file final.txt (compact mmCIF, C-alpha atoms)
# COMPACT_ATOMS: atom_id res chain seq x y z
CA MET A 1 20.38 -4.56 -4.77
CA LYS A 2 20.16 -8.36 -4.72
CA PRO A 3 18.80 -10.13 -1.62
CA ALA A 4 20.93 -12.69 0.18
CA ALA A 5 20.07 -16.35 -0.42
CA PHE A 6 17.11 -17.85 1.46
CA GLU A 7 14.87 -20.91 1.41
CA TYR A 8 11.29 -20.58 0.18
CA SER A 9 8.27 -22.48 1.51
CA ARG A 10 4.61 -22.34 0.74
CA PRO A 11 2.67 -23.93 3.63
CA ALA A 12 -0.82 -25.33 3.02
CA ASP A 13 -2.42 -23.74 6.04
CA ILE A 14 -1.75 -21.22 8.78
CA ASP A 15 -0.80 -23.77 11.45
CA GLU A 16 1.87 -25.21 9.16
CA ALA A 17 3.14 -21.64 8.61
CA CYS A 18 3.35 -21.11 12.39
CA ALA A 19 5.23 -24.38 12.86
CA MET A 20 7.76 -23.35 10.19
CA LEU A 21 8.19 -19.97 11.89
CA ALA A 22 8.65 -21.57 15.29
CA ALA A 23 11.26 -23.97 13.90
CA ASP A 24 13.55 -21.27 12.50
CA ASP A 25 14.43 -18.00 14.25
CA GLY A 26 15.56 -16.49 10.97
CA ALA A 27 12.35 -17.25 9.08
CA ARG A 28 10.00 -14.46 8.01
CA VAL A 29 6.49 -14.46 6.62
CA ILE A 30 5.97 -13.01 3.16
CA ALA A 31 2.59 -12.11 1.70
CA GLY A 32 2.74 -9.16 -0.72
CA GLY A 33 6.39 -8.46 0.04
CA GLN A 34 6.13 -4.75 -0.72
CA THR A 35 7.87 -3.78 2.53
CA LEU A 36 10.01 -6.87 3.11
CA VAL A 37 11.53 -7.25 -0.36
CA PRO A 38 13.02 -3.70 -0.48
CA LEU A 39 14.52 -4.37 2.98
CA MET A 40 15.98 -7.61 1.66
CA ALA A 41 17.27 -5.90 -1.49
CA MET A 42 19.13 -3.41 0.73
CA ARG A 43 20.20 -6.29 3.00
CA LEU A 44 18.57 -4.62 5.98
CA ALA A 45 16.70 -7.91 6.31
CA ARG A 46 18.35 -11.30 5.70
CA PRO A 47 15.75 -13.97 6.42
CA THR A 48 16.95 -17.55 6.24
CA ARG A 49 13.56 -18.70 4.99
CA LEU A 50 10.52 -16.99 3.48
CA ILE A 51 7.19 -18.53 4.38
CA ASP A 52 4.73 -17.48 1.71
CA ILE A 53 1.20 -17.21 3.12
CA ALA A 54 -0.28 -15.27 0.19
CA ARG A 55 -2.17 -18.26 -1.22
CA ILE A 56 -3.32 -19.90 2.00
CA PRO A 57 -7.09 -20.20 1.49
CA GLY A 58 -9.46 -18.22 3.70
CA LEU A 59 -7.12 -15.41 4.73
CA ALA A 60 -8.31 -12.75 2.27
CA TYR A 61 -11.74 -11.25 3.01
CA VAL A 62 -13.64 -8.19 4.19
CA ARG A 63 -16.43 -9.31 6.51
CA ASP A 64 -19.25 -7.31 8.06
CA GLU A 65 -19.82 -8.42 11.66
CA GLY A 66 -22.09 -5.52 12.61
CA ALA A 67 -20.10 -3.58 15.18
CA VAL A 68 -16.83 -4.72 13.59
CA ILE A 69 -15.40 -5.00 10.09
CA ALA A 70 -12.99 -7.95 10.02
CA ILE A 71 -10.30 -7.94 7.34
CA GLY A 72 -8.22 -11.02 6.55
CA ALA A 73 -4.46 -10.55 6.81
CA THR A 74 -3.64 -11.33 3.17
CA THR A 75 -6.34 -9.06 1.72
CA LYS A 76 -4.66 -6.84 -0.85
CA GLN A 77 -4.58 -3.13 -0.06
CA HIS A 78 -6.20 -2.18 -3.37
CA VAL A 79 -9.04 -4.62 -2.73
CA VAL A 80 -9.73 -2.99 0.66
CA GLU A 81 -9.39 0.48 -0.87
CA ASN A 82 -12.16 -0.27 -3.39
CA ASP A 83 -14.41 -2.33 -1.10
CA PRO A 84 -17.88 -0.74 -0.79
CA LEU A 85 -18.25 -2.01 2.78
CA VAL A 86 -14.98 -0.36 3.83
CA ARG A 87 -15.94 2.90 2.12
CA ALA A 88 -19.30 2.94 3.87
CA LYS A 89 -18.33 1.73 7.34
CA LEU A 90 -14.60 2.41 7.70
CA PRO A 91 -14.29 5.77 5.92
CA LEU A 92 -11.04 6.62 7.76
CA LEU A 93 -9.30 3.51 6.40
CA ALA A 94 -10.64 4.23 2.90
CA LYS A 95 -9.34 7.79 3.16
CA ALA A 96 -5.86 6.69 4.31
CA LEU A 97 -5.26 3.86 1.81
CA PRO A 98 -4.53 6.04 -1.25
CA TYR A 99 -1.53 7.38 0.72
CA VAL A 100 -0.09 3.85 1.05
CA GLY A 101 2.53 3.43 -1.69
CA HIS A 102 1.36 3.51 -5.31
CA ASP A 103 -1.29 1.64 -7.29
CA ALA A 104 1.39 -0.87 -8.28
CA THR A 105 2.45 -1.61 -4.69
CA ARG A 106 -1.11 -1.64 -3.31
CA ALA A 107 -1.91 -4.28 -5.95
CA ARG A 108 0.45 -6.68 -4.12
CA GLY A 109 0.76 -5.23 -0.61
CA THR A 110 -1.55 -6.63 2.06
CA ILE A 111 -3.32 -5.12 5.07
CA GLY A 112 -1.77 -7.69 7.42
CA GLY A 113 1.70 -7.18 5.98
CA SER A 114 1.65 -3.48 6.69
CA LEU A 115 0.47 -4.13 10.26
CA ALA A 116 2.92 -6.97 10.94
CA ASN A 117 5.84 -4.87 9.72
CA GLY A 118 4.74 -2.08 12.07
CA ASP A 119 6.49 0.81 10.32
CA HIS A 120 5.95 3.87 12.53
CA ALA A 121 5.16 5.93 9.42
CA ALA A 122 2.67 3.43 7.92
CA GLU A 123 -0.82 4.81 7.35
CA ILE A 124 -2.64 1.52 8.02
CA VAL A 125 -0.82 1.25 11.36
CA LEU A 126 -1.93 4.78 12.26
CA VAL A 127 -5.57 4.05 11.41
CA ALA A 128 -5.49 0.81 13.46
CA VAL A 129 -4.18 2.66 16.53
CA THR A 130 -6.46 5.67 16.06
CA LEU A 131 -9.63 3.58 15.79
CA GLY A 132 -8.55 1.10 18.48
CA ALA A 133 -8.50 -1.95 16.19
CA THR A 134 -7.86 -5.47 17.48
CA LEU A 135 -5.30 -7.74 15.82
CA VAL A 136 -5.82 -11.47 15.72
CA PHE A 137 -2.88 -13.82 15.41
CA ARG A 138 -2.49 -17.58 15.28
CA GLU A 139 -0.09 -19.25 17.68
CA GLY A 140 0.19 -22.89 18.77
CA GLY A 141 -3.06 -23.85 17.03
CA ALA A 142 -5.14 -21.16 18.75
CA ASN A 143 -6.29 -17.64 17.87
CA ARG A 144 -5.18 -14.82 20.16
CA GLU A 145 -6.16 -11.18 20.19
CA ILE A 146 -4.18 -8.08 21.00
CA ALA A 147 -5.16 -4.40 20.99
CA ALA A 148 -3.41 -2.31 18.32
CA SER A 149 -2.19 0.04 21.07
CA ASP A 150 -0.32 -2.88 22.71
CA PHE A 151 0.91 -4.40 19.45
CA PHE A 152 3.22 -1.69 18.12
CA LEU A 153 6.34 -1.32 20.28
CA GLY A 154 8.66 0.74 18.07
CA PRO A 155 9.70 1.28 14.45
CA MET A 156 9.27 -2.15 12.78
CA VAL A 157 9.03 -3.79 16.22
CA THR A 158 5.79 -5.46 17.30
CA ALA A 159 4.59 -7.71 20.09
CA LEU A 160 3.99 -10.58 17.64
CA PRO A 161 5.81 -13.65 19.06
CA GLN A 162 8.12 -15.75 16.87
CA GLY A 163 6.06 -18.71 15.75
CA ALA A 164 2.90 -16.59 15.48
CA CYS A 165 1.22 -15.29 12.34
CA LEU A 166 -1.17 -12.37 12.00
CA ILE A 167 -4.45 -13.57 10.50
CA GLU A 168 -7.03 -10.79 10.90
CA VAL A 169 -7.56 -7.17 11.91
CA ARG A 170 -10.84 -6.08 13.46
CA PHE A 171 -11.83 -2.44 13.08
CA PRO A 172 -14.67 -1.11 15.25
CA VAL A 173 -17.53 0.48 13.28
CA TRP A 174 -19.07 3.66 14.68
CA SER A 175 -22.85 3.42 14.71
CA GLU A 176 -23.56 7.17 15.03
CA PRO A 177 -25.37 8.52 11.95
CA ARG A 178 -23.12 11.59 11.65
CA VAL A 179 -19.48 10.53 11.35
CA GLY A 180 -16.81 12.55 9.57
CA VAL A 181 -13.20 11.61 8.87
CA ALA A 182 -10.05 13.31 7.66
CA PHE A 183 -6.51 12.19 6.85
CA HIS A 184 -3.58 14.49 6.16
CA GLU A 185 0.06 13.82 5.47
CA VAL A 186 3.27 15.68 4.68
CA ASN A 187 5.77 13.69 2.60
CA ALA A 188 8.53 14.38 0.07
CA ARG A 189 6.38 13.25 -2.83
CA GLN A 190 2.99 11.66 -3.36
CA SER A 191 2.87 8.20 -1.77
CA ASP A 192 6.38 8.34 -0.29
CA PHE A 193 6.96 7.77 3.45
CA ALA A 194 5.14 10.22 5.71
CA PHE A 195 7.17 12.77 7.66
CA VAL A 196 4.01 13.45 9.65
CA SER A 197 0.49 12.09 9.23
CA ALA A 198 -2.72 12.91 11.09
CA ALA A 199 -6.00 10.99 11.22
CA ALA A 200 -9.27 12.05 12.80
CA GLN A 201 -12.75 10.55 13.07
CA ILE A 202 -15.51 12.53 14.77
CA ALA A 203 -19.19 11.82 15.45
CA VAL A 204 -21.59 14.69 16.18
CA ASP A 205 -25.21 14.92 17.32
CA PRO A 206 -27.80 17.00 15.40
CA ASN A 207 -26.79 20.12 17.41
CA GLY A 208 -23.16 19.78 16.39
CA THR A 209 -21.98 18.59 19.79
CA ILE A 210 -19.13 16.11 19.56
CA MET A 211 -20.27 12.69 20.78
CA ARG A 212 -17.15 10.70 20.07
CA ALA A 213 -13.73 11.48 18.64
CA ALA A 214 -10.54 9.65 17.69
CA VAL A 215 -7.34 11.49 16.81
CA GLY A 216 -3.98 9.98 15.90
CA ILE A 217 -0.60 11.27 14.76
CA GLY A 218 1.78 9.05 12.80
CA ALA A 219 5.48 9.06 11.83
CA VAL A 220 6.42 11.46 14.64
CA ALA A 221 7.20 9.10 17.52
CA ALA A 222 8.42 5.49 17.55
CA THR A 223 4.79 4.32 17.35
CA PRO A 224 1.60 6.13 16.25
CA LEU A 225 0.16 8.35 18.94
CA ARG A 226 -3.47 8.20 19.90
CA LEU A 227 -4.02 11.58 21.56
CA ASP A 228 -6.34 10.71 24.42
CA ASN A 229 -5.98 14.11 26.16
CA VAL A 230 -6.97 15.93 23.01
CA ILE A 231 -9.95 13.64 22.60
CA GLU A 232 -11.11 14.29 26.16
CA GLU A 233 -10.81 18.04 25.73
CA LEU A 234 -12.61 17.87 22.39
CA LEU A 235 -15.52 16.13 24.05
CA SER A 236 -15.72 18.47 27.02
CA ASP A 237 -14.75 21.76 25.43
CA GLY A 238 -16.45 21.70 22.03
CA LYS A 239 -14.58 22.44 18.85
CA ARG A 240 -12.93 25.84 19.11
CA GLU A 241 -9.71 25.88 17.13
CA PRO A 242 -7.40 27.74 19.57
CA ALA A 243 -8.33 25.24 22.30
CA ILE A 244 -7.66 22.31 19.99
CA ARG A 245 -4.30 23.78 18.97
CA GLU A 246 -3.25 24.30 22.60
CA SER A 247 -4.38 20.82 23.50
CA LEU A 248 -2.34 19.29 20.65
CA GLN A 249 0.68 21.39 21.61
CA ARG A 250 0.45 20.15 25.20
CA ALA A 251 0.11 16.53 24.08
CA LEU A 252 3.07 16.76 21.70
CA ALA A 253 5.27 18.62 24.19
CA GLU A 254 5.43 15.42 26.21
CA ILE A 255 6.89 13.29 23.41
CA GLU A 256 10.31 13.29 21.82
CA PRO A 257 9.81 13.21 18.05
CA MET A 258 12.28 11.30 15.92
CA GLY A 259 14.39 13.61 13.77
CA ASP A 260 16.26 12.53 10.65
CA LEU A 261 17.84 13.82 7.46
CA HIS A 262 14.47 14.74 5.99
CA ALA A 263 12.67 16.35 8.91
CA THR A 264 13.97 17.54 12.27
CA ALA A 265 12.24 16.73 15.54
CA ASP A 266 11.07 20.37 15.89
CA TYR A 267 9.66 20.39 12.38
CA ARG A 268 7.73 17.19 13.01
CA ARG A 269 6.26 18.53 16.24
CA ARG A 270 5.18 21.77 14.57
CA VAL A 271 3.68 20.02 11.53
CA ALA A 272 1.95 17.46 13.77
CA VAL A 273 0.07 20.30 15.50
CA THR A 274 -0.89 21.91 12.19
CA LEU A 275 -2.03 18.66 10.57
CA GLY A 276 -3.82 17.59 13.76
CA VAL A 277 -5.82 20.84 13.88
CA ARG A 278 -6.60 20.51 10.17
CA ALA A 279 -7.70 16.87 10.46
CA ILE A 280 -9.94 17.57 13.46
CA GLY A 281 -11.52 20.59 11.73
CA ASP A 282 -12.09 18.71 8.48
CA ALA A 283 -13.51 15.64 10.23
CA TYR A 284 -15.90 17.84 12.23
CA ARG A 285 -17.10 19.69 9.12
CA ALA A 286 -17.52 16.40 7.25
CA ALA A 287 -19.61 15.04 10.13
CA MET A 288 -21.81 18.17 10.15
CA LYS A 289 -22.48 17.77 6.41
CA ARG A 290 -24.01 14.36 7.06
CA ALA A 291 -27.05 15.91 8.76
CA MET B 1 13.39 -24.34 -7.53
CA LYS B 2 11.34 -25.12 -10.61
CA VAL B 3 8.55 -22.70 -11.39
CA GLU B 4 6.12 -22.53 -14.27
CA LEU B 5 5.41 -19.01 -15.50
CA ASP B 6 2.69 -17.86 -17.89
CA ILE B 7 4.25 -14.94 -19.76
CA ASN B 8 2.56 -13.23 -22.69
CA ARG B 9 0.27 -16.28 -23.03
CA GLN B 10 3.21 -18.69 -23.26
CA LYS B 11 4.24 -21.21 -20.62
CA HIS B 12 7.87 -21.22 -19.51
CA THR B 13 9.44 -23.53 -16.95
CA VAL B 14 12.50 -22.07 -15.27
CA ASP B 15 14.75 -23.37 -12.52
CA VAL B 16 15.75 -20.46 -10.28
CA GLU B 17 17.08 -19.78 -6.83
CA PRO B 18 14.33 -18.37 -4.58
CA ARG B 19 16.20 -15.06 -4.32
CA VAL B 20 15.91 -14.33 -8.06
CA SER B 21 13.38 -11.55 -8.64
CA LEU B 22 10.75 -11.89 -11.33
CA LEU B 23 12.55 -8.98 -13.04
CA ASP B 24 15.92 -10.77 -13.18
CA CYS B 25 14.22 -13.98 -14.28
CA LEU B 26 12.48 -12.18 -17.16
CA ARG B 27 15.63 -10.37 -18.25
CA GLU B 28 18.36 -12.94 -17.71
CA ARG B 29 16.63 -16.29 -18.12
CA LEU B 30 13.92 -15.51 -20.64
CA LEU B 31 15.72 -12.62 -22.39
CA LEU B 32 12.64 -10.43 -22.11
CA THR B 33 14.67 -7.27 -21.56
CA GLY B 34 11.79 -4.82 -21.97
CA ALA B 35 11.25 -4.76 -18.20
CA HIS B 36 14.05 -2.47 -17.05
CA ALA B 37 16.10 -2.64 -13.86
CA GLY B 38 16.24 0.79 -12.27
CA CYS B 39 16.40 1.06 -8.49
CA GLU B 40 15.64 -2.63 -7.78
CA HIS B 41 13.87 -1.74 -4.55
CA GLY B 42 10.43 -0.63 -5.67
CA VAL B 43 10.85 3.12 -6.03
CA CYS B 44 11.36 3.91 -9.73
CA GLY B 45 8.74 1.75 -11.45
CA ALA B 46 10.97 0.90 -14.46
CA CYS B 47 10.40 -2.84 -13.91
CA THR B 48 6.58 -2.66 -14.14
CA VAL B 49 4.80 -5.69 -15.60
CA LEU B 50 1.14 -6.70 -15.58
CA ILE B 51 0.00 -9.49 -13.28
CA ASP B 52 -3.53 -10.55 -14.22
CA GLY B 53 -3.87 -7.16 -15.93
CA THR B 54 -2.75 -5.07 -12.94
CA ALA B 55 0.52 -3.10 -12.94
CA VAL B 56 3.01 -4.40 -10.35
CA ARG B 57 6.72 -4.07 -9.72
CA SER B 58 8.62 -7.15 -10.94
CA CYS B 59 11.61 -6.26 -8.71
CA LEU B 60 9.43 -6.66 -5.58
CA MET B 61 8.33 -10.14 -6.45
CA PHE B 62 10.37 -13.32 -6.55
CA ALA B 63 10.00 -15.52 -9.63
CA VAL B 64 9.01 -18.43 -7.34
CA GLN B 65 5.97 -16.40 -6.23
CA ALA B 66 4.75 -15.78 -9.76
CA ASP B 67 3.35 -19.16 -10.87
CA GLY B 68 -0.31 -19.28 -11.82
CA TYR B 69 -0.61 -15.62 -12.77
CA ALA B 70 -1.02 -14.24 -16.29
CA ILE B 71 2.12 -12.12 -16.65
CA THR B 72 2.27 -9.54 -19.43
CA THR B 73 5.48 -7.71 -20.32
CA ILE B 74 5.98 -4.95 -22.88
CA GLU B 75 6.90 -7.67 -25.38
CA GLY B 76 3.33 -8.97 -25.14
CA ILE B 77 1.63 -5.66 -25.83
CA SER B 78 2.04 -5.24 -29.58
CA PRO B 79 -0.67 -6.77 -31.77
CA GLY B 80 1.89 -8.51 -34.06
CA PRO B 81 5.57 -8.58 -35.08
CA GLY B 82 6.69 -5.13 -36.17
CA GLU B 83 3.42 -3.53 -35.12
CA LEU B 84 2.66 -1.06 -32.35
CA SER B 85 -0.36 -0.97 -30.08
CA ILE B 86 -2.50 2.15 -30.10
CA LEU B 87 -0.82 3.23 -26.86
CA GLN B 88 2.70 2.69 -28.20
CA ASP B 89 1.82 4.56 -31.36
CA ALA B 90 0.48 7.49 -29.32
CA PHE B 91 3.78 7.61 -27.35
CA CYS B 92 5.67 7.95 -30.67
CA GLU B 93 3.33 10.55 -32.03
CA THR B 94 3.39 12.89 -29.01
CA HIS B 95 7.11 12.34 -28.32
CA GLY B 96 6.15 10.62 -25.07
CA MET B 97 9.71 9.42 -24.57
CA GLN B 98 13.19 10.83 -24.51
CA CYS B 99 15.85 8.33 -23.43
CA GLY B 100 13.23 5.57 -23.37
CA TYR B 101 14.33 3.92 -20.12
CA CYS B 102 11.01 4.44 -18.32
CA THR B 103 8.90 3.96 -21.45
CA PRO B 104 7.98 0.24 -21.35
CA ALA B 105 6.82 0.66 -17.75
CA MET B 106 4.91 3.85 -18.57
CA VAL B 107 3.14 2.06 -21.44
CA LEU B 108 2.20 -0.85 -19.16
CA ALA B 109 0.99 1.41 -16.34
CA ALA B 110 -1.11 3.28 -18.92
CA HIS B 111 -2.34 -0.03 -20.35
CA ALA B 112 -3.57 -1.10 -16.90
CA LEU B 113 -5.28 2.28 -16.42
CA LEU B 114 -7.07 2.28 -19.79
CA SER B 115 -8.27 -1.29 -19.44
CA ARG B 116 -10.17 -0.38 -16.25
CA ASN B 117 -10.97 3.25 -17.09
CA PRO B 118 -11.41 4.05 -20.80
CA GLN B 119 -12.10 7.73 -20.13
CA PRO B 120 -9.55 8.90 -17.56
CA THR B 121 -9.26 12.52 -16.49
CA ARG B 122 -5.85 14.19 -16.60
CA GLU B 123 -5.65 13.76 -12.83
CA GLU B 124 -6.35 10.02 -13.09
CA ILE B 125 -3.65 9.65 -15.74
CA VAL B 126 -1.13 11.50 -13.55
CA ASP B 127 -2.09 9.33 -10.57
CA ALA B 128 -1.73 6.11 -12.61
CA ILE B 129 1.87 6.95 -13.60
CA SER B 130 2.80 8.56 -10.28
CA GLY B 131 4.74 5.43 -9.30
CA ASN B 132 6.86 5.63 -12.47
CA ILE B 133 9.81 7.98 -12.53
CA CYS B 134 10.96 9.64 -15.77
CA ARG B 135 14.33 11.23 -15.11
CA CYS B 136 14.22 13.08 -18.45
CA THR B 137 11.10 14.69 -16.89
CA GLY B 138 9.10 14.32 -20.06
CA TYR B 139 5.86 13.83 -18.14
CA ALA B 140 3.78 16.35 -20.11
CA GLN B 141 4.13 14.41 -23.37
CA ILE B 142 3.60 11.07 -21.61
CA VAL B 143 0.31 12.33 -20.17
CA GLU B 144 -0.58 13.65 -23.61
CA ALA B 145 0.19 10.26 -25.18
CA ILE B 146 -2.07 8.40 -22.76
CA ALA B 147 -4.91 10.89 -23.28
CA LEU B 148 -4.51 10.58 -27.07
CA ALA B 149 -4.53 6.77 -26.92
CA ALA B 150 -7.64 6.84 -24.71
CA GLU B 151 -9.41 9.06 -27.21
CA ARG B 152 -8.45 6.86 -30.17
CA MET B 153 -9.47 3.67 -28.42
CA ARG B 154 -12.87 5.12 -27.57
CA GLY B 155 -13.24 6.17 -31.21
CA GLN B 156 -12.30 2.72 -32.48
CA ASN B 157 -14.59 0.97 -30.04
CA ILE B 158 -11.83 -1.53 -29.25
CA LYS B 159 -12.39 -4.04 -26.47
CA ALA B 160 -11.33 -2.63 -23.13
CA ASP B 161 -8.76 -5.33 -22.35
CA GLN B 162 -6.87 -4.79 -25.60
CA PRO B 163 -5.53 -1.22 -25.68

call {"tool": "encode", "arguments": {"input": "final.txt", "output": "C-alpha cells"}}
result
Amino acid sequence: MKPAAFEYSRPADIDEACAMLAADDGARVIAGGQTLVPLMAMRLARPTRLIDIARIPGLAYVRDEGAVIAIGATTKQHVVENDPLVRAKLPLLAKALPYVGHDATRARGTIGGSLANGDHAAEIVLVAVTLGATLVFREGGANREIAASDFFLGPMVTALPQGACLIEVRFPVWSEPRVGVAFHEVNARQSDFAFVSAAAQIAVDPNGTIMRAAVGIGAVAATPLRLDNVIEELLSDGKREPAIRESLQRALAEIEPMGDLHATADYRRRVAVTLGVRAIGDAYRAAMKRA
Amino acid sequence: MKVELDINRQKHTVDVEPRVSLLDCLRERLLLTGAHAGCEHGVCGACTVLIDGTAVRSCLMFAVQADGYAITTIEGISPGPGELSILQDAFCETHGMQCGYCTPAMVLAAHALLSRNPQPTREEIVDAISGNICRCTGYAQIVEAIALAAERMRGQNIKADQP
C-alpha cells in the first residue's frame, strides 16, 4: 500500500497549474487527495507528478450570486456541509454531504475533487447532475463552462481536457418558497460507497401541485441518471405513488445497471425504484410542510 | 524534498520523497509510532491525527503537503510525562480498549469531537468514531469512555480545546 514515486509541485496560481498539467500527460491535480491517494496506494493510479492546488489563493469559497450558489473547487466538504448559505439555499447538497465519506475525510476532501474524479457512485456528482449544476474550468488562461450532464462520461471519466483545471461549481437556487428535498442511499456501511443512491428536490404551490421537480439516481449506471421522464410525469400527473413507481420502472428498464460483487444489476434496478419512490415522496412531504 | 512540520508544538525539518505519507514520516522518521498503520488506504482510521484540531487520516496525506499545519498526534495529548488526559483515563476506566490497535485514533477522534461539542449525544459520539474500525468490536465501552470523559470535562470546567 505504498504509492509509486512521483514529483510534487505547488504552483502559485491556477494558470501555472494548467501549464504544468499541459506539459505532462501523466500529471494529476491533487487538492484534498481523499479519492486520489487511495487509488495511488493501490497503484490504480500512478501519476508522474502531483500538482497541489489546495493552497492556491481564491479557490475556496461559497458565494451567493442570487440565482446561483458558486462554490470554489478547493472548498473543503466539511466547510460546505456546515455553511449556513448552503443549508438555506442548497438543501439537497447539505442533505447529501453527510453521506460523503467520514468526518475525517470530509475535513480534507474538496467539492471540486469529488466532481473532477467523477466517481459514478459519488453523492456530490449525483447532486450536481440532479440539480443541473454548471462546472467552470480554467484552460489556456480562460474560464470555460460545461453542464454537469455533459461533464460526466463514465466511472472516473470526465470531459475535462488535459491541461485544464476545475475551479468552480455553480448550483442553481430554486426561488419557490416551498421546496423540499430528500436523499437516500443503500451501502454496506455508513459512509461507504453507495450501491444505489437517490436524490429528489420538489417545489409545490400552496395547493400542493408540483411546480418543479428534479430526480436523480446514482451508482446504478456509468454516470448519475437525471430521470427526465419521471420529472415530466410528476409535473403532469400529480404525486400518486403507483404512477411514480411505474414511471421509475419504465425509466430504469431502459438502462443497463452495472453489477458487481456487492450488488447485482437486478438488485440495483429494484433498489433504485424503491429509493426513487421514497425520495420523491419524502421531498414532496417536506415541501408541503414549508407552507 | 525538505518540509518543515509542526508536530505537538515542536518544529521538525525532514527530508522526504514526495510519496512518503504523513503516517510513514511520523512513524519512521520521527519515531512517533502512536499513529498506527492499518489499511493504508483511508478505510480503517487507525492512522488518525489532528490537523489544526480536526481529525484526519495521516495515510491519505503526503508529508510534503503537511507544512504550516498544527499537527497533533497521540503523543501530544497527555498533559505531562507519565500522565494521562481525561479522555485517556476514561478509556482505561471503562475498558475502552482490548488489543489497543485502534485506541490512539479513537482517542484523537474523540478529542476532536469534544473540543467542538462538549455535550455530545450518544448518536453524535457514534458518528464521530464511525470512521474508526475496532476489530475487537469493543465499541460499547469506547462510546462509554467518551461519554464519561465528556461528563468529567464539563464538571471540571476545563477549556474546550484541552480535553

call {"tool": "closest_atom_pairs", "arguments": {"input": "final.txt", "of": "range 59-78 of chain B", "to": "range 84-98 of chain B", "cutoff": "12 Å", "atoms": "all atoms listed in the file", "output": "CSV"}}
result
residue,atom,partner,partner_atom,distance
B:Ile74,CA,B:Gln88,CA,9.9
B:Glu75,CA,B:Leu84,CA,10.5
B:Gly76,CA,B:Ser85,CA,10.1
B:Ile77,CA,B:Ser85,CA,6.6
B:Ser78,CA,B:Ser85,CA,4.9

call {"tool": "interface_residues", "arguments": {"input": "final.txt", "of": "chain B", "to": "chain A", "cutoff": "8 Å", "atoms": "all atoms listed in the file", "output": "list in words"}}
result
Glu17, Pro18, Arg19, Cys39, Glu40, His41, Gly42, Thr54, Ala55, Val56, Arg57, Leu60, Met61, Ala128, Ser130 and Gly131 of chain B

call {"tool": "closest_residue", "arguments": {"input": "final.txt", "among": "B:Cys99, B:Ala109, B:Ala37, B:Val49", "to": "Val143 in chain B", "atoms": "all atoms listed in the file"}}
result
B:Ala109

call {"tool": "atom_distance", "arguments": {"input": "final.txt", "atom1": "CA of Ala279 in chain A", "atom2": "CA of Leu92 in chain A"}}
result
11.1 Å

call {"tool": "atom_distance", "arguments": {"input": "final.txt", "atom1": "CA of Tyr139 in chain B", "atom2": "CA of Ala112 in chain B"}}
result
17.7 Å

call {"tool": "closest_residue", "arguments": {"input": "final.txt", "among": "A:Pro155, A:Gly109, A:Gly140, A:Gly180", "to": "Asp282 in chain A", "atoms": "only C-alpha atoms"}}
result
A:Gly180

call {"tool": "atom_distance", "arguments": {"input": "final.txt", "atom1": "CA of Trp174 in chain A", "atom2": "CA of Pro224 in chain A"}}
result
20.9 Å

call {"tool": "residues_around", "arguments": {"input": "final.txt", "residues": "range 120-126 of chain A", "least_positions_apart": "5", "cutoff": "8 Å", "atoms": "only C-alpha atoms", "output": "ChimeraX atom specification"}}
result
/A:93,96-97,99-100,111,114-115,154-156,193-197,199,216-225

call {"tool": "decode", "arguments": {"input": "final.txt", "residues": "range 124-135 of chain B", "atoms": "N, CA and C atoms", "output": "PDB file, in the first residue's frame"}}
result
ATOM      1  N   GLU B 124     -24.121  11.270  18.402  1.00  0.00           N
ATOM      2  CA  GLU B 124     -23.004  12.103  17.910  1.00  0.00           C
ATOM      3  C   GLU B 124     -21.653  11.442  18.189  1.00  0.00           C
ATOM      4  N   ILE B 125     -21.555  10.757  19.339  1.00  0.00           N
ATOM      5  CA  ILE B 125     -20.315  10.038  19.651  1.00  0.00           C
ATOM      6  C   ILE B 125     -20.108   8.913  18.639  1.00  0.00           C
ATOM      7  N   VAL B 126     -21.168   8.154  18.387  1.00  0.00           N
ATOM      8  CA  VAL B 126     -21.080   7.030  17.440  1.00  0.00           C
ATOM      9  C   VAL B 126     -20.688   7.553  16.058  1.00  0.00           C
ATOM     10  N   ASP B 127     -21.291   8.675  15.652  1.00  0.00           N
ATOM     11  CA  ASP B 127     -20.990   9.243  14.347  1.00  0.00           C
ATOM     12  C   ASP B 127     -19.515   9.686  14.274  1.00  0.00           C
ATOM     13  N   ALA B 128     -19.029  10.270  15.369  1.00  0.00           N
ATOM     14  CA  ALA B 128     -17.647  10.795  15.377  1.00  0.00           C
ATOM     15  C   ALA B 128     -16.614   9.673  15.240  1.00  0.00           C
ATOM     16  N   ILE B 129     -16.927   8.479  15.735  1.00  0.00           N
ATOM     17  CA  ILE B 129     -15.951   7.381  15.629  1.00  0.00           C
ATOM     18  C   ILE B 129     -16.343   6.380  14.541  1.00  0.00           C
ATOM     19  N   SER B 130     -17.316   6.770  13.707  1.00  0.00           N
ATOM     20  CA  SER B 130     -17.799   5.821  12.687  1.00  0.00           C
ATOM     21  C   SER B 130     -16.740   5.553  11.612  1.00  0.00           C
ATOM     22  N   GLY B 131     -15.754   6.452  11.491  1.00  0.00           N
ATOM     23  CA  GLY B 131     -14.681   6.215  10.525  1.00  0.00           C
ATOM     24  C   GLY B 131     -13.511   5.447  11.124  1.00  0.00           C
ATOM     25  N   ASN B 132     -13.658   4.978  12.357  1.00  0.00           N
ATOM     26  CA  ASN B 132     -12.574   4.256  13.034  1.00  0.00           C
ATOM     27  C   ASN B 132     -13.027   2.830  13.325  1.00  0.00           C
ATOM     28  N   ILE B 133     -12.299   1.876  12.785  1.00  0.00           N
ATOM     29  CA  ILE B 133     -12.699   0.483  12.951  1.00  0.00           C
ATOM     30  C   ILE B 133     -11.987  -0.129  14.156  1.00  0.00           C
ATOM     31  N   CYS B 134     -12.762  -0.811  15.005  1.00  0.00           N
ATOM     32  CA  CYS B 134     -12.214  -1.585  16.118  1.00  0.00           C
ATOM     33  C   CYS B 134     -12.525  -3.044  15.822  1.00  0.00           C
ATOM     34  N   ARG B 135     -11.487  -3.819  15.465  1.00  0.00           N
ATOM     35  CA  ARG B 135     -11.777  -5.201  15.067  1.00  0.00           C
ATOM     36  C   ARG B 135     -11.978  -6.126  16.258  1.00  0.00           C
TER      37      ARG B 135
END
